[in-house]
Every structure is written in structure tokens, then in C-alpha cells.
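work17.txt (compact mmCIF, C-alpha atoms)
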```txt
# COMPACT_ATOMS: atom_id res chain seq x y z
CA MET B 265 23.14 -63.01 64.70
CA ASN B 266 19.95 -63.93 62.95
CA PRO B 267 17.96 -60.88 61.62
CA SER B 268 14.79 -62.09 63.34
CA THR B 269 16.64 -62.18 66.69
CA ILE B 270 17.82 -58.60 66.20
CA LEU B 271 14.28 -57.51 65.34
CA SER B 272 12.92 -59.30 68.41
CA ILE B 273 15.46 -57.56 70.65
CA LEU B 274 14.69 -54.16 69.11
CA PHE B 275 10.96 -54.77 69.48
CA SER B 276 11.40 -55.79 73.12
CA LEU B 277 13.53 -52.73 73.85
CA THR B 278 10.92 -50.50 72.20
CA LEU B 279 8.20 -51.97 74.41
CA ILE B 280 10.33 -51.45 77.50
CA PHE B 281 10.98 -47.80 76.60
CA ILE B 282 7.32 -47.18 75.83
CA SER B 283 6.18 -48.75 79.10
CA HIS B 284 8.57 -46.52 81.06
CA ALA B 285 7.75 -43.32 79.22
CA PRO B 286 6.01 -40.70 81.35
CA LEU B 287 2.34 -40.27 80.66
CA PRO B 288 1.08 -36.80 79.85
CA ALA B 289 -0.38 -35.11 82.89
CA SER B 290 -4.12 -34.71 82.99
CA SER B 291 -5.29 -31.19 82.30
CA LEU B 292 -8.07 -31.56 84.86
CA ASN B 293 -7.70 -30.43 88.46
CA LEU B 294 -8.60 -32.98 91.12
CA HIS B 295 -12.03 -31.48 91.73
CA GLN B 296 -12.77 -31.53 88.01
CA THR B 297 -11.79 -35.19 87.87
CA VAL B 298 -14.09 -35.98 90.79
CA CYS B 299 -16.93 -34.02 89.17
CA SER B 300 -16.38 -35.86 85.90
CA GLU B 301 -16.54 -39.23 87.67
CA THR B 302 -19.57 -38.14 89.68
CA SER B 303 -21.39 -37.01 86.56
CA VAL B 304 -20.84 -40.42 84.95
CA GLU B 305 -21.65 -42.60 87.96
CA TYR B 306 -24.45 -40.58 89.56
CA ASN B 307 -25.79 -38.67 86.55
CA GLN B 308 -24.95 -35.31 88.11
CA LYS B 309 -24.36 -32.28 85.94
CA TYR B 310 -20.62 -31.70 85.66
CA ASP B 311 -20.90 -27.89 85.52
CA GLU B 312 -23.09 -27.76 88.63
CA CYS B 313 -20.62 -29.93 90.51
CA VAL B 314 -17.65 -27.76 89.54
CA LYS B 315 -19.54 -24.57 90.36
CA ALA B 316 -20.64 -25.92 93.75
CA LEU B 317 -17.10 -26.91 94.67
CA GLU B 318 -15.47 -23.73 93.44
CA VAL B 319 -17.47 -21.80 96.03
CA ASP B 320 -14.36 -22.51 98.10
CA PRO B 321 -11.43 -20.81 96.31
CA GLN B 322 -9.02 -23.37 97.80
CA ILE B 323 -10.60 -26.30 95.96
CA PRO B 324 -9.12 -25.70 92.49
CA SER B 325 -5.62 -25.71 93.98
CA ALA B 326 -6.12 -28.84 96.13
CA ASN B 327 -3.25 -31.12 95.22
CA THR B 328 -4.21 -34.25 97.16
CA TYR B 329 -7.48 -36.10 97.46
CA VAL B 330 -7.24 -35.87 101.26
CA THR B 331 -7.15 -32.08 101.05
CA LEU B 332 -9.89 -32.03 98.44
CA SER B 333 -12.10 -34.35 100.49
CA LYS B 334 -11.64 -32.22 103.62
CA LEU B 335 -12.61 -29.07 101.73
CA ILE B 336 -15.68 -30.76 100.24
CA ILE B 337 -16.74 -32.03 103.66
CA GLU B 338 -16.43 -28.49 105.02
CA ILE B 339 -18.72 -27.23 102.26
CA ALA B 340 -21.18 -30.06 103.02
CA ILE B 341 -21.19 -29.09 106.70
CA LYS B 342 -21.87 -25.42 105.89
CA ASN B 343 -24.56 -26.34 103.39
CA SER B 344 -26.27 -28.77 105.78
CA THR B 345 -26.11 -26.24 108.62
CA GLY B 346 -27.80 -23.66 106.38
CA ILE B 347 -30.52 -26.14 105.45
CA GLN B 348 -31.04 -27.02 109.11
CA ASP B 349 -31.32 -23.34 110.04
CA TYR B 350 -33.92 -22.83 107.32
CA LEU B 351 -35.92 -25.87 108.48
CA LYS B 352 -35.84 -24.59 112.07
CA ILE B 353 -37.25 -21.25 110.93
CA LEU B 354 -39.84 -22.99 108.78
CA ARG B 355 -41.05 -25.19 111.63
CA SER B 356 -42.00 -22.10 113.64
CA SER B 357 -44.62 -21.28 111.00
CA ASP B 358 -45.41 -24.89 110.04
CA PRO B 359 -45.35 -27.30 113.00
CA SER B 360 -45.19 -30.33 110.70
CA PRO B 361 -43.76 -33.42 112.44
CA ALA B 362 -41.64 -34.15 109.36
CA ILE B 363 -40.10 -30.69 109.26
CA ASN B 364 -39.47 -30.85 113.00
CA SER B 365 -37.87 -34.28 112.70
CA CYS B 366 -35.69 -33.21 109.79
CA ALA B 367 -34.60 -29.98 111.46
CA ILE B 368 -33.94 -31.34 114.93
CA PHE B 369 -32.93 -34.95 114.43
CA ASP B 370 -31.96 -35.78 110.84
CA PHE B 371 -29.93 -32.69 110.04
CA THR B 372 -28.25 -32.67 113.45
CA ARG B 373 -27.07 -36.21 112.71
CA ILE B 374 -26.14 -35.38 109.10
CA ILE B 375 -23.91 -32.57 110.34
CA GLN B 376 -22.40 -34.84 112.99
CA ASP B 377 -21.72 -37.51 110.35
CA PHE B 378 -19.94 -34.99 108.12
CA LYS B 379 -17.91 -33.69 111.07
CA SER B 380 -16.91 -37.26 111.95
CA ALA B 381 -15.89 -37.88 108.35
CA LEU B 382 -13.79 -34.71 108.40
CA ALA B 383 -11.99 -35.83 111.53
CA ILE B 384 -10.99 -39.23 110.14
CA VAL B 385 -10.75 -38.89 106.36
CA ALA B 386 -6.94 -38.68 106.34
CA SER B 387 -6.37 -41.59 108.69
CA SER B 388 -9.29 -43.84 107.76
CA PRO B 389 -10.86 -43.11 104.38
CA GLN B 390 -13.14 -46.15 104.54
CA SER B 391 -14.53 -45.07 107.91
CA ALA B 392 -15.02 -41.54 106.54
CA SER B 393 -16.90 -43.02 103.59
CA ASN B 394 -19.08 -44.93 106.06
CA GLU B 395 -19.87 -41.66 107.86
CA VAL B 396 -20.87 -40.11 104.53
CA SER B 397 -23.08 -43.14 103.94
CA ASP B 398 -24.73 -42.54 107.32
CA ALA B 399 -25.38 -38.92 106.33
CA GLN B 400 -26.98 -40.15 103.13
CA SER B 401 -29.22 -42.53 105.10
CA ARG B 402 -30.40 -39.67 107.29
CA TRP B 403 -31.03 -37.56 104.15
CA SER B 404 -33.23 -40.41 102.92
CA GLN B 405 -35.14 -40.57 106.22
CA CYS B 406 -35.79 -36.84 106.10
CA GLY B 407 -36.97 -36.96 102.49
CA THR B 408 -39.23 -39.91 103.13
CA SER B 409 -40.85 -38.27 106.15
CA ILE B 410 -41.43 -35.06 104.17
CA GLN B 411 -43.06 -37.00 101.33
CA ASN B 412 -45.21 -39.09 103.67
CA GLU B 413 -46.76 -36.13 105.49
CA PRO B 414 -50.54 -35.69 105.10
CA LYS B 415 -49.60 -32.40 103.43
CA PRO B 416 -46.30 -33.31 101.73
CA HIS B 417 -43.69 -30.59 101.45
CA TYR B 418 -42.34 -31.45 98.01
CA GLU B 419 -40.90 -27.95 97.66
CA LEU B 420 -38.31 -28.87 100.32
CA LEU B 421 -36.97 -31.89 98.47
CA PRO B 422 -34.63 -29.98 96.12
CA LEU B 423 -33.23 -28.17 99.14
CA ILE B 424 -32.46 -31.29 101.16
CA ASP B 425 -31.18 -33.05 98.02
CA HIS B 426 -28.00 -31.00 98.42
CA VAL B 427 -26.99 -33.54 101.06
CA LEU B 428 -27.17 -36.36 98.50
CA PHE B 429 -25.31 -34.19 95.98
CA PHE B 430 -22.36 -33.71 98.34
CA CYS B 431 -22.43 -37.34 99.52
CA GLN B 432 -22.04 -38.55 95.95
CA ILE B 433 -19.17 -36.16 95.29
CA LEU B 434 -17.51 -37.25 98.53
CA TYR B 435 -17.77 -40.95 97.66
CA LYS B 436 -15.76 -40.31 94.51
CA SER B 437 -13.22 -38.03 96.17
CA ILE B 438 -12.62 -40.33 99.13
CA SER B 439 -12.33 -43.38 96.85
CA HIS B 440 -9.07 -41.90 95.50
CA ILE B 441 -7.40 -41.85 98.94
```
Rewrite the structure from the file as C-alpha cells, please.
Amino acid sequence: MNPSTILSILFSLTLIFISHAPLPASSLNLHQTVCSETSVEYNQKYDECVKALEVDPQIPSANTYVTLSKLIIEIAIKNSTGIQDYLKILRSSDPSPAINSCAIFDFTRIIQDFKSALAIVASSPQSASNEVSDAQSRWSQCGTSIQNEPKPHYELLPLIDHVLFFCQILYKSISHI
């Protein structure tokens, strides 16, 4: 056999073995991977993302993106419910139409959108992502109405921005399903 033929066969076998070699496992947990992707795509701070998700002690041990997404949605629901409760209290001392609209309409729908996403994320990730998109649209409506008030309530914007924060994280998590 020609030496170049032998070398070609050895080279081909080497490539085959390399292509079938197991890749080293990532040292990041799923939530850390999602936070890393979110920080790149949406310019979020990685540490804040990880800290926000690790509020739920189950998140670091989530071993599927379906489980992770469900846990993140549950945090988003709790967070949005807390914001809505605060806005309802605030509207009793400040009868602003924007605060009323956000508290009664926008956040009620945001919470419903997250609950719908939770119910379908395992069976229909794209539909769940659409529900998250709807929640983000309602976040935008609330923020716009707060900014367009005769006396804008800019101090509320960082609070309601938590909805956007969780929507962005959810987009990345759900995209892996």
C-alpha cells in the first residue's frame, strides 16, 4: 500500500474518533447559562440575573429547560403580583389614571399572561413565548402611561421594569426547549 494512502486512512480515522469524542460538560448550571445569554443579548447584568433566579432554591438544580422555565415563570408571577399589590396601595393615596390603569388592567393581564405561559410551556414553548411577549407589551403600556401622566411617576419605572427583566430571561430559557 502506498504510504500516502496509509496516511490518508489514519487521518480519516483520527477525524472520525475526534468527531465522536464526548465534549466536556459545561460547568455552568442551566440558569447560569440563561443568565449569560441574557446578559449578552439584552445587556442585563449577569450577577443580578443569577441572584434574582436563585431566590428560588430549586433553580440551581433544575436539570431541564422546561423545569427552569416553569420556575422562572413562577418567580415572575410572584414578582408581578407584588408590584400589582404595591400599585393598588399607591393608587389609594394617588388617584392617578396611569397608576390605576397599571394596577387594575395592565398588571392583571401581565399576571394572566405569565400564568398562561406556565400552563403551556412544556407542551407548546412557542405559545408560551408568545404569552411572555404579551406580558412584555402590557409592561410597555404601563410604562408609557406612567411617563405620559401630567405628573409622571418616573420613580415607578424601575419597579415595573422587573417585568421586562423576567420576560427577557424567559425568552432565553424557553428558546432552549
Quick one: distance from atom CA of B:Gln390 to atom CA of B:Leu335 in Å, one decimal? 17.3 Å
Quick one: of B:Ile438, B:Leu292, B:Cys313, B:Ala326, who's nearest to B:Ser391, counting all atoms listed in the file?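 Under the stated criterion, the closest residue is B:Ile438.
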Box in all listed atoms of stretch 310-315 of chain B, axis-aligned, with 4 Å more on each side; write out centre and edge lengths in Å to one decimal as lines of an AutoDock Vina configuration file.
```
center_x = -20.4
center_y = -28.1
center_z = 88.0
size_x = 13.4
size_y = 15.1
size_z = 13.0
```
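Picture a line from atom CA of B:Glu413 to atom CA of B:Ser344; it runs 21.8 Å.
Closest approach to B:Ser380 from the set B:Ser397, B:Gln296, B:Asn364, B:Ser404 is made by B:Ser397, with distances taken over only C-alpha atoms.
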Select, from B:Gln348, B:Gln308, B:Ser409, B:Thr297, the residue with the minimum atom-to-atom distance to B:Tyr329, counting all atoms listed in the file. B:Thr297
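Residue nearest B:Leu423, chosen from B:Ser393, B:Arg373, B:Asp398, B:Asn343 and counting only C-alpha atoms: B:Asn343.
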Go through B:Ser357, B:Ser300, B:Ser401, B:Ser325 and flag the residue nearest B:Lys436, using all atoms listed in the file for the distances.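 Comparing B:Ser357, B:Ser300, B:Ser401, B:Ser325 against B:Lys436, the winner is B:Ser300.
The spacing separating atom CA of B:Leu420 from atom CA of B:Gly407 amounts to 8.5 Å.
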Applying 10 Å and only C-alpha atoms, which residues near stretch 353-356 of chain B remain after dropping the ones on its own chain fewer than 6 positions away? List them as a PyMOL selection string. chain B and resi 347+362-368
Have a look at B:Ile337, B:Val396, B:Ala383, B:Ile424 and name the one nearest to B:Thr408; count only C-alpha atoms.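 Looking only at the distances to B:Thr408, the closest residue turns out to be B:Ile424.
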Neighbours of B:Leu434 within 10 Å (all atoms listed in the file; same-chain residues fewer than 2 positions away dropped), as JSON, numbers by chain? {"B": [298, 299, 302, 332, 333, 334, 336, 337, 340, 381, 392, 393, 396, 397, 428, 429, 430, 431, 432, 436, 437, 438, 439]}
Any chance you could model N, CA and C atoms for stretch 364-377 of chain B and send them as a PDB file, in the coordinates of the input?
```
ATOM      1  N   ASN B 364     -40.088 -30.835 111.680  1.00  0.00           N
ATOM      2  CA  ASN B 364     -39.470 -30.850 113.000  1.00  0.00           C
ATOM      3  C   ASN B 364     -38.430 -31.960 113.100  1.00  0.00           C
ATOM      4  N   SER B 365     -38.792 -33.149 112.642  1.00  0.00           N
ATOM      5  CA  SER B 365     -37.870 -34.280 112.700  1.00  0.00           C
ATOM      6  C   SER B 365     -36.626 -34.031 111.852  1.00  0.00           C
ATOM      7  N   CYS B 366     -36.832 -33.502 110.656  1.00  0.00           N
ATOM      8  CA  CYS B 366     -35.690 -33.210 109.790  1.00  0.00           C
ATOM      9  C   CYS B 366     -34.783 -32.160 110.415  1.00  0.00           C
ATOM     10  N   ALA B 367     -35.381 -31.094 110.917  1.00  0.00           N
ATOM     11  CA  ALA B 367     -34.600 -29.980 111.460  1.00  0.00           C
ATOM     12  C   ALA B 367     -33.849 -30.370 112.723  1.00  0.00           C
ATOM     13  N   ILE B 368     -34.528 -31.061 113.614  1.00  0.00           N
ATOM     14  CA  ILE B 368     -33.940 -31.340 114.930  1.00  0.00           C
ATOM     15  C   ILE B 368     -33.115 -32.617 114.944  1.00  0.00           C
ATOM     16  N   PHE B 369     -33.615 -33.669 114.329  1.00  0.00           N
ATOM     17  CA  PHE B 369     -32.930 -34.950 114.430  1.00  0.00           C
ATOM     18  C   PHE B 369     -32.068 -35.282 113.200  1.00  0.00           C
ATOM     19  N   ASP B 370     -32.683 -35.323 112.028  1.00  0.00           N
ATOM     20  CA  ASP B 370     -31.960 -35.780 110.840  1.00  0.00           C
ATOM     21  C   ASP B 370     -30.787 -34.876 110.494  1.00  0.00           C
ATOM     22  N   PHE B 371     -31.026 -33.571 110.432  1.00  0.00           N
ATOM     23  CA  PHE B 371     -29.930 -32.690 110.040  1.00  0.00           C
ATOM     24  C   PHE B 371     -28.879 -32.529 111.129  1.00  0.00           C
ATOM     25  N   THR B 372     -29.254 -32.663 112.384  1.00  0.00           N
ATOM     26  CA  THR B 372     -28.250 -32.670 113.450  1.00  0.00           C
ATOM     27  C   THR B 372     -27.318 -33.853 113.251  1.00  0.00           C
ATOM     28  N   ARG B 373     -27.886 -35.007 112.931  1.00  0.00           N
ATOM     29  CA  ARG B 373     -27.070 -36.210 112.710  1.00  0.00           C
ATOM     30  C   ARG B 373     -26.266 -36.117 111.420  1.00  0.00           C
ATOM     31  N   ILE B 374     -26.864 -35.549 110.370  1.00  0.00           N
ATOM     32  CA  ILE B 374     -26.140 -35.380 109.100  1.00  0.00           C
ATOM     33  C   ILE B 374     -24.886 -34.537 109.333  1.00  0.00           C
ATOM     34  N   ILE B 375     -25.051 -33.447 110.053  1.00  0.00           N
ATOM     35  CA  ILE B 375     -23.910 -32.570 110.340  1.00  0.00           C
ATOM     36  C   ILE B 375     -22.877 -33.294 111.188  1.00  0.00           C
ATOM     37  N   GLN B 376     -23.327 -34.062 112.168  1.00  0.00           N
ATOM     38  CA  GLN B 376     -22.400 -34.840 112.990  1.00  0.00           C
ATOM     39  C   GLN B 376     -21.651 -35.871 112.149  1.00  0.00           C
ATOM     40  N   ASP B 377     -22.362 -36.519 111.216  1.00  0.00           N
ATOM     41  CA  ASP B 377     -21.720 -37.510 110.350  1.00  0.00           C
ATOM     42  C   ASP B 377     -20.638 -36.859 109.489  1.00  0.00           C
TER      43      ASP B 377
END
```
